[in-house]
>>> print(open('start38.txt').read())   # compact mmCIF, C-alpha atoms
# COMPACT_ATOMS: atom_id res chain seq x y z
CA MET A 1 33.98 22.23 -17.03
CA ARG A 2 34.28 24.55 -20.01
CA VAL A 3 30.96 25.62 -21.48
CA GLU A 4 31.97 28.08 -24.19
CA PRO A 5 31.51 26.99 -27.84
CA LEU A 6 34.24 24.88 -29.43
CA THR A 7 36.18 26.89 -32.00
CA VAL A 8 37.65 25.74 -35.30
CA GLU A 9 41.13 26.66 -34.11
CA GLU A 10 40.81 24.66 -30.89
CA LEU A 11 39.56 21.56 -32.71
CA GLN A 12 42.28 21.88 -35.34
CA ASP A 13 45.01 22.21 -32.71
CA SER A 14 43.67 19.15 -30.88
CA ILE A 15 43.63 17.00 -34.02
CA ARG A 16 47.17 18.06 -34.90
CA ARG A 17 48.41 17.31 -31.41
CA VAL A 18 46.81 13.87 -31.21
CA SER A 19 47.39 12.68 -34.78
CA GLY A 20 50.73 14.35 -35.49
CA THR A 21 49.29 15.42 -38.86
CA ASP A 22 49.21 19.02 -40.07
CA VAL A 23 45.43 19.06 -40.60
CA THR A 24 43.64 22.25 -41.66
CA ILE A 25 39.92 22.59 -40.95
CA THR A 26 38.20 24.96 -43.36
CA THR A 27 34.58 24.56 -42.24
CA MET A 28 32.87 23.38 -39.06
CA LEU A 29 29.08 23.36 -38.79
CA SER A 30 28.98 22.81 -35.05
CA GLY A 31 31.18 21.70 -32.18
CA ILE A 32 30.27 20.02 -28.91
CA ARG A 33 32.46 19.43 -25.88
CA TRP A 34 32.43 16.03 -24.17
CA ILE A 35 34.00 15.77 -20.76
CA ASP A 36 35.93 12.65 -19.84
CA THR A 37 34.28 12.12 -16.47
CA ALA A 38 33.37 8.88 -14.70
CA ARG A 39 31.28 9.30 -11.58
CA GLN A 40 28.68 7.33 -9.66
CA ALA A 41 26.24 8.23 -6.92
CA THR A 42 26.91 6.46 -3.64
CA MET A 43 23.23 5.66 -3.14
CA TYR A 44 20.41 5.54 -5.68
CA ARG A 45 17.72 6.38 -3.14
CA ALA A 46 17.38 9.21 -0.64
CA GLY A 47 13.86 9.14 0.75
CA ARG A 48 11.49 9.97 -2.10
CA VAL A 49 14.33 10.79 -4.50
CA LEU A 50 15.50 7.94 -6.75
CA LEU A 51 18.25 8.03 -9.36
CA ALA A 52 18.26 5.94 -12.52
CA GLY A 53 20.07 5.91 -15.83
CA ASP A 54 22.47 8.80 -16.47
CA ALA A 55 21.49 10.41 -13.16
CA ALA A 56 23.03 7.47 -11.25
CA PRO A 57 26.36 6.93 -13.06
CA ARG A 58 28.07 9.39 -15.36
CA VAL A 59 30.10 7.80 -18.12
CA ARG A 60 31.80 8.81 -21.32
CA ALA A 61 29.30 9.33 -24.12
CA GLY A 62 29.51 7.50 -27.41
CA ARG A 63 29.50 3.81 -26.48
CA ARG A 64 25.77 3.45 -25.67
CA GLN A 65 26.24 0.93 -22.85
CA GLY A 66 24.93 3.55 -20.44
CA LEU A 67 21.60 3.53 -22.29
CA ASN A 68 21.31 -0.24 -21.82
CA VAL A 69 22.05 0.06 -18.11
CA GLY A 70 19.48 2.84 -17.77
CA ILE A 71 16.76 0.70 -19.35
CA VAL A 72 17.42 -2.17 -16.93
CA ASP A 73 17.50 0.36 -14.07
CA ALA A 74 13.99 1.46 -15.03
CA ALA A 75 12.77 -2.13 -15.30
CA ASN A 76 14.24 -2.95 -11.89
CA LEU A 77 12.77 0.11 -10.17
CA GLY A 78 9.42 0.57 -11.90
CA TRP A 79 7.62 -2.49 -10.60
CA LYS A 80 8.93 -1.91 -7.08
CA LEU A 81 7.50 1.62 -7.08
CA ALA A 82 4.19 0.26 -8.35
CA ALA A 83 4.11 -2.39 -5.62
CA VAL A 84 4.69 0.28 -2.95
CA VAL A 85 2.04 2.59 -4.40
CA CYS A 86 -0.46 -0.29 -4.52
CA GLY A 87 0.31 -1.08 -0.88
CA TRP A 88 1.48 -4.63 -1.56
CA VAL A 89 4.90 -4.13 0.01
CA GLY A 90 6.65 -1.67 2.30
CA GLU A 91 8.97 1.11 1.16
CA ASP A 92 12.03 -0.85 2.26
CA ILE A 93 11.81 -2.81 -1.00
CA LEU A 94 13.10 0.34 -2.73
CA ASP A 95 16.44 -0.05 -0.93
CA ALA A 96 16.98 -3.27 -2.90
CA TYR A 97 17.20 -1.10 -6.02
CA THR A 98 20.55 0.35 -4.93
CA THR A 99 21.81 -3.01 -3.74
CA GLU A 100 21.04 -4.66 -7.06
CA ARG A 101 21.88 -1.98 -9.61
CA HIS A 102 24.84 -0.11 -8.06
CA PRO A 103 27.39 -2.89 -8.82
CA VAL A 104 26.26 -3.00 -12.46
CA ALA A 105 27.01 0.69 -12.99
CA ALA A 106 30.32 0.34 -11.16
CA ARG A 107 31.37 -2.30 -13.68
CA LEU A 108 30.20 -0.05 -16.52
CA LEU A 109 32.45 2.74 -15.20
CA GLN A 110 35.38 0.34 -15.00
CA ASN A 111 34.88 -0.67 -18.62
CA THR A 112 34.51 2.93 -19.73
CA ARG A 113 37.76 3.92 -18.03
CA ALA A 114 39.52 1.02 -19.76
CA GLN A 115 38.23 2.17 -23.15
CA ILE A 116 39.39 5.71 -22.51
CA ALA A 117 42.81 4.48 -21.42
CA LEU A 118 43.25 2.64 -24.73
CA MET A 119 42.52 5.83 -26.66
CA ARG A 120 45.42 7.87 -25.30
CA PRO A 121 47.90 8.88 -28.01
CA ASP A 122 51.15 8.18 -26.14
CA PRO A 123 53.55 5.40 -27.27
CA GLN A 124 52.93 3.27 -24.17
CA THR A 125 49.17 3.20 -24.73
CA ARG A 126 49.68 2.49 -28.41
CA ALA A 127 51.75 -0.57 -27.51
CA LEU A 128 49.04 -1.69 -25.10
CA TRP A 129 46.37 -1.17 -27.76
CA GLU A 130 48.31 -3.29 -30.27
CA MET A 131 48.71 -6.11 -27.74
CA PHE A 132 44.98 -5.90 -26.93
CA SER A 133 44.21 -6.00 -30.65
CA ASP A 134 46.22 -9.21 -30.99
CA LEU A 135 44.30 -10.75 -28.09
CA MET A 136 41.06 -10.00 -29.90
CA ASP A 137 42.10 -12.51 -32.57
CA LEU A 138 41.60 -15.25 -29.96
CA ASP A 139 38.06 -16.62 -29.99
CA ASP A 140 37.69 -16.67 -26.21
CA ALA A 141 38.91 -13.09 -25.82
CA HIS A 142 36.75 -11.89 -28.70
CA ARG A 143 33.68 -13.60 -27.24
CA TYR A 144 34.37 -12.17 -23.78
CA VAL A 145 34.53 -8.58 -25.04
CA ALA A 146 31.53 -9.04 -27.36
CA ASP A 147 29.44 -10.49 -24.55
CA MET A 148 30.50 -7.64 -22.29
CA LEU A 149 29.34 -5.00 -24.75
CA ALA A 150 26.16 -6.83 -25.69
CA GLY A 151 24.98 -8.00 -22.31
CA LYS A 152 27.27 -7.65 -19.35
CA LEU A 153 27.27 -3.87 -19.21
CA ALA A 154 23.50 -3.85 -19.42
CA GLY A 155 23.44 -6.22 -16.48
CA MET A 156 21.99 -9.12 -18.45
CA ASP A 157 24.53 -11.46 -16.88
CA VAL A 158 24.20 -9.99 -13.41
CA ARG A 159 23.30 -12.11 -10.42
CA TYR A 160 21.64 -10.21 -7.59
CA ASP A 161 22.18 -11.60 -4.11
CA LEU A 162 18.68 -12.70 -3.10
CA GLY A 163 19.79 -15.05 -0.34
CA ASP A 164 19.38 -18.28 -2.34
CA ASP A 165 22.35 -20.27 -3.63
CA HIS A 166 20.50 -21.77 -6.62
CA ARG A 167 22.45 -20.74 -9.70
CA LEU A 168 19.39 -19.20 -11.40
CA VAL A 169 18.12 -17.17 -8.47
CA GLY A 170 19.11 -13.52 -8.86
CA THR A 171 19.77 -13.81 -12.58
CA LEU A 172 17.68 -12.26 -15.37
CA CYS A 173 15.71 -15.09 -16.94
CA PRO A 174 16.10 -15.47 -20.71
CA ASP A 175 12.85 -15.19 -22.61
CA MET A 176 11.24 -18.64 -22.77
CA LYS A 177 8.86 -20.08 -25.33
CA LEU A 178 5.94 -21.51 -23.36
CA THR A 179 3.19 -23.84 -24.48
CA LEU A 180 0.36 -23.08 -22.07
CA GLU A 181 -1.98 -25.81 -20.87
CA ARG A 182 -5.34 -24.96 -19.35
CA PRO A 183 -7.05 -27.96 -17.73
CA GLY A 184 -10.70 -28.45 -18.68
CA PRO A 185 -13.01 -30.80 -20.56
CA ASP A 186 -10.74 -30.24 -23.53
CA VAL A 187 -7.16 -29.18 -22.91
CA VAL A 188 -6.51 -25.98 -24.84
CA THR A 189 -2.93 -25.11 -25.63
CA ALA A 190 -1.46 -21.81 -26.70
CA VAL A 191 2.09 -20.78 -27.44
CA THR A 192 3.44 -17.59 -25.91
CA ARG A 193 6.63 -16.22 -24.41
CA SER A 194 7.51 -15.49 -20.80
CA ALA A 195 8.31 -11.87 -21.69
CA ASP A 196 4.76 -11.38 -22.96
CA LEU A 197 3.32 -12.75 -19.72
CA LEU A 198 5.40 -10.24 -17.72
CA ARG A 199 4.03 -7.22 -19.60
CA GLU A 200 1.23 -6.75 -17.08
CA GLY A 201 3.75 -5.82 -14.41
CA ARG A 202 3.03 -8.87 -12.25
CA GLY A 203 5.29 -11.68 -11.21
CA LEU A 204 5.18 -14.94 -13.13
CA LEU A 205 5.22 -18.49 -11.76
CA PRO A 206 5.45 -21.01 -14.62
CA ASP A 207 4.67 -24.55 -13.49
CA LEU A 208 6.64 -26.51 -16.07
CA VAL A 209 5.72 -30.09 -15.10
CA ASP A 210 2.10 -29.73 -13.97
CA ARG A 211 2.70 -29.93 -10.23
CA ALA A 212 -0.43 -28.92 -8.31
CA GLN A 213 1.69 -28.07 -5.26
CA VAL A 214 3.40 -25.31 -7.22
CA ARG A 215 0.14 -23.75 -8.37
CA ASP A 216 -1.41 -24.01 -4.91
CA ALA A 217 1.63 -22.27 -3.45
CA ALA A 218 0.88 -19.03 -5.28
CA ALA A 219 -2.91 -19.11 -4.92
CA ALA A 220 -2.84 -16.58 -2.09
CA TRP A 221 -1.02 -14.09 -4.33
CA THR A 222 -3.56 -14.14 -7.16
CA GLY A 223 -3.60 -10.72 -8.80
CA ARG A 224 0.06 -10.13 -8.03
CA VAL A 225 1.58 -13.26 -9.55
CA ASN A 226 0.41 -14.91 -12.76
CA THR A 227 0.58 -18.70 -12.38
CA VAL A 228 0.59 -20.77 -15.57
CA THR A 229 1.02 -24.43 -16.36
CA ALA A 230 3.22 -24.68 -19.40
CA ARG A 231 5.74 -26.79 -21.25
CA THR A 232 9.10 -25.47 -22.39
CA ASP A 233 12.46 -26.84 -23.45
CA ARG A 234 14.03 -26.22 -20.04
CA VAL A 235 14.89 -29.43 -18.20
CA ASP A 236 16.80 -28.05 -15.20
CA VAL A 237 13.82 -26.78 -13.20
CA ASP A 238 10.23 -27.76 -12.50
CA ALA A 239 9.12 -24.22 -11.67
CA LEU A 240 10.37 -20.65 -11.42
CA LEU A 241 9.20 -17.49 -9.71
CA ILE A 242 10.08 -14.56 -11.97
CA ARG A 243 9.80 -10.97 -10.76
CA PRO A 244 8.19 -8.37 -13.07
CA ASP A 245 11.67 -7.20 -14.12
CA GLY A 246 12.56 -10.70 -15.34
CA CYS A 247 14.72 -11.61 -12.35
CA VAL A 248 14.41 -15.18 -11.03
CA ALA A 249 13.38 -14.97 -7.37
CA TRP A 250 12.95 -18.70 -6.69
CA ALA A 251 13.64 -21.94 -8.54
CA LEU A 252 12.52 -25.52 -7.98
CA PRO A 253 15.11 -27.98 -9.34
CA THR A 254 13.88 -30.89 -11.42
CA GLY A 255 12.34 -33.63 -9.29
CA GLN A 256 13.09 -31.92 -5.97
CA ASP A 257 10.56 -31.80 -3.14
CA LEU A 258 8.83 -28.47 -2.73
CA ASP A 259 10.35 -26.40 0.10
CA ALA A 260 7.49 -24.29 1.41
CA THR A 261 9.78 -22.07 3.45
CA THR A 262 11.89 -20.74 0.58
CA ARG A 263 8.87 -20.51 -1.73
CA VAL A 264 6.77 -18.47 0.72
CA ARG A 265 9.75 -16.30 1.62
CA ALA A 266 10.34 -15.42 -2.02
CA LEU A 267 6.67 -14.70 -2.68
CA GLY A 268 6.35 -12.62 0.46
CA THR A 269 9.53 -10.62 -0.18
CA TRP A 270 8.65 -9.55 -3.71
CA SER A 271 4.84 -9.72 -3.70
CA GLY A 272 4.00 -8.76 -0.13
CA GLN A 273 1.75 -10.50 2.34
CA PRO A 274 -0.85 -12.89 0.90
CA ALA A 275 -4.14 -11.25 -0.02
>>> encode(input="start38.txt", output="structure tokens")
Amino acid sequence: MRVEPLTVEELQDSIRRVSGTDVTITTMLSGIRWIDTARQATMYRAGRVLLAGDAAPRVRAGRRQGLNVGIVDAANLGWKLAAVVCGWVGEDILDAYTTERHPVAARLLQNTRAQIALMRPDPQTRALWEMFSDLMDLDDAHRYVADMLAGKLAGMDVRYDLGDDHRLVGTLCPDMKLTLERPGPDVVTAVTRSADLLREGRGLLPDLVDRAQVRDAAAAWTGRVNTVTARTDRVDVDALLIRPDGCVAWALPTGQDLDATTRVRALGTWSGQPA
């Protein structure tokens, strides 16, 4: 990698070569070199060393998707580190960080390479770029690319393999508006959002249909999982277990009997042994 300062002459020659225009640069305040490199660490953890953000994958600067991925990396890793430090879970939970986040960065690198390929100045790439531009006039294609840039490369559409085939398990739960209900002589309601309830760094188990079984299931994990009875506009589940990073770890479909085995397994995996 070249580290010497970029000169006016070098920049001018590059612009002329790429654009085919006889450009003359009279003044340049500063020049920075960007290398076109796409790399990714094989593992994100080696003992006490953990990689996140730009230290894990290296992508072309300028598109900002890498920043989004780095933020979700931190959210995924931070609560796991805290759980280990607090002694709730063993260190093996840190290995799940690589398993979950490595595929997201791999897809980011793939997208970055595709963007770079479309920027090449040769006639073949120009023809490909024009065909791609025409495809962007189609609503489905436009939506696919927009969703990719807005969410997919940040991992917002990712589904981690948590060993449960429910379609929500392993996905990042969208922020939900919750109307909390606290049983008592007078029922007091308050409106909040699931994201606000996750700010304490604990898991969240919203009981959405007032099922005592659901609340009792998490009683042994008090202090690690916040259990709330609430109403929301979701109609596909009666309850969810949401990890501190927003990932759904367990879901109870509407009207289905409570399966103690899967519920306890999910709580034990991500919140440790009952207190």
>>> atom_distance(input="start38.txt", atom1="CA of Val264 in chain A", atom2="CA of Gly78 in chain A")
23.0 Å
>>> atom_distance(input="start38.txt", atom1="CA of Pro57 in chain A", atom2="CA of Arg39 in chain A")
5.7 Å
>>> residues_around(input="start38.txt", residues="Pro5 in chain A", least_positions_apart="3", cutoff="12 Å", atoms="all atoms listed in the file", output="number ranges by chain")
A: 2, 8-11, 28-34
>>> write_last_selection(input="start38.txt", atoms="C-alpha atoms", output="PDB file, keeping the file's coordinate frame")
ATOM      1  CA  ARG A   2      34.280  24.550 -20.010  1.00  0.00           C
ATOM      2  CA  VAL A   8      37.650  25.740 -35.300  1.00  0.00           C
ATOM      3  CA  GLU A   9      41.130  26.660 -34.110  1.00  0.00           C
ATOM      4  CA  GLU A  10      40.810  24.660 -30.890  1.00  0.00           C
ATOM      5  CA  LEU A  11      39.560  21.560 -32.710  1.00  0.00           C
ATOM      6  CA  MET A  28      32.870  23.380 -39.060  1.00  0.00           C
ATOM      7  CA  LEU A  29      29.080  23.360 -38.790  1.00  0.00           C
ATOM      8  CA  SER A  30      28.980  22.810 -35.050  1.00  0.00           C
ATOM      9  CA  GLY A  31      31.180  21.700 -32.180  1.00  0.00           C
ATOM     10  CA  ILE A  32      30.270  20.020 -28.910  1.00  0.00           C
ATOM     11  CA  ARG A  33      32.460  19.430 -25.880  1.00  0.00           C
ATOM     12  CA  TRP A  34      32.430  16.030 -24.170  1.00  0.00           C
TER      13      TRP A  34
END
>>> atom_distance(input="start38.txt", atom1="CA of Val145 in chain A", atom2="CA of Thr125 in chain A")
18.8 Å
>>> closest_residue(input="start38.txt", among="A:Asp164, A:Glu100, A:Asp175, A:Asp210", to="Ala230 in chain A", atoms="only C-alpha atoms")
A:Asp210
>>> closest_residue(input="start38.txt", among="A:Gln256, A:Asn76, A:Thr222, A:Thr269", to="Asp238 in chain A", atoms="all atoms listed in the file")
A:Gln256
>>> residues_around(input="start38.txt", residues="Arg167 in chain A", least_positions_apart="5", cutoff="12 Å", atoms="only C-alpha atoms", output="ChimeraX atom specification")
/A:157-162,172-173,236-237,248-253
>>> residues_near_point(input="start38.txt", point="(9.3, -13.5, -0.2)", cutoff="12 Å", atoms="all atoms listed in the file", output="CSV table (one decimal) with C-alpha atoms, keeping the file's coordinate frame")
chain,number,residue,atom,x,y,z
A,88,TRP,CA,1.5,-4.6,-1.6
A,89,VAL,CA,4.9,-4.1,0.0
A,93,ILE,CA,11.8,-2.8,-1.0
A,162,LEU,CA,18.7,-12.7,-3.1
A,163,GLY,CA,19.8,-15.0,-0.3
A,164,ASP,CA,19.4,-18.3,-2.3
A,203,GLY,CA,5.3,-11.7,-11.2
A,218,ALA,CA,0.9,-19.0,-5.3
A,221,TRP,CA,-1.0,-14.1,-4.3
A,241,LEU,CA,9.2,-17.5,-9.7
A,242,ILE,CA,10.1,-14.6,-12.0
A,243,ARG,CA,9.8,-11.0,-10.8
A,249,ALA,CA,13.4,-15.0,-7.4
A,250,TRP,CA,13.0,-18.7,-6.7
A,260,ALA,CA,7.5,-24.3,1.4
A,261,THR,CA,9.8,-22.1,3.4
A,262,THR,CA,11.9,-20.7,0.6
A,263,ARG,CA,8.9,-20.5,-1.7
A,264,VAL,CA,6.8,-18.5,0.7
A,265,ARG,CA,9.8,-16.3,1.6
A,266,ALA,CA,10.3,-15.4,-2.0
A,267,LEU,CA,6.7,-14.7,-2.7
A,268,GLY,CA,6.4,-12.6,0.5
A,269,THR,CA,9.5,-10.6,-0.2
A,270,TRP,CA,8.6,-9.6,-3.7
A,271,SER,CA,4.8,-9.7,-3.7
A,272,GLY,CA,4.0,-8.8,-0.1
A,273,GLN,CA,1.8,-10.5,2.3
A,274,PRO,CA,-0.8,-12.9,0.9
>>> closest_residue(input="start38.txt", among="A:Ala96, A:Leu6, A:Leu108, A:Ile71", to="Gln40 in chain A", atoms="only C-alpha atoms")
A:Leu108
>>> residues_around(input="start38.txt", residues="Glu130 in chain A", least_positions_apart="6", cutoff="12 Å", atoms="only C-alpha atoms", output="PyMOL selection string")
chain A and resi 118-119+123-124+136-137
>>> closest_residue(input="start38.txt", among="A:Leu240, A:Val23, A:Val191, A:Thr179", to="Leu204 in chain A", atoms="all atoms listed in the file")
A:Leu240
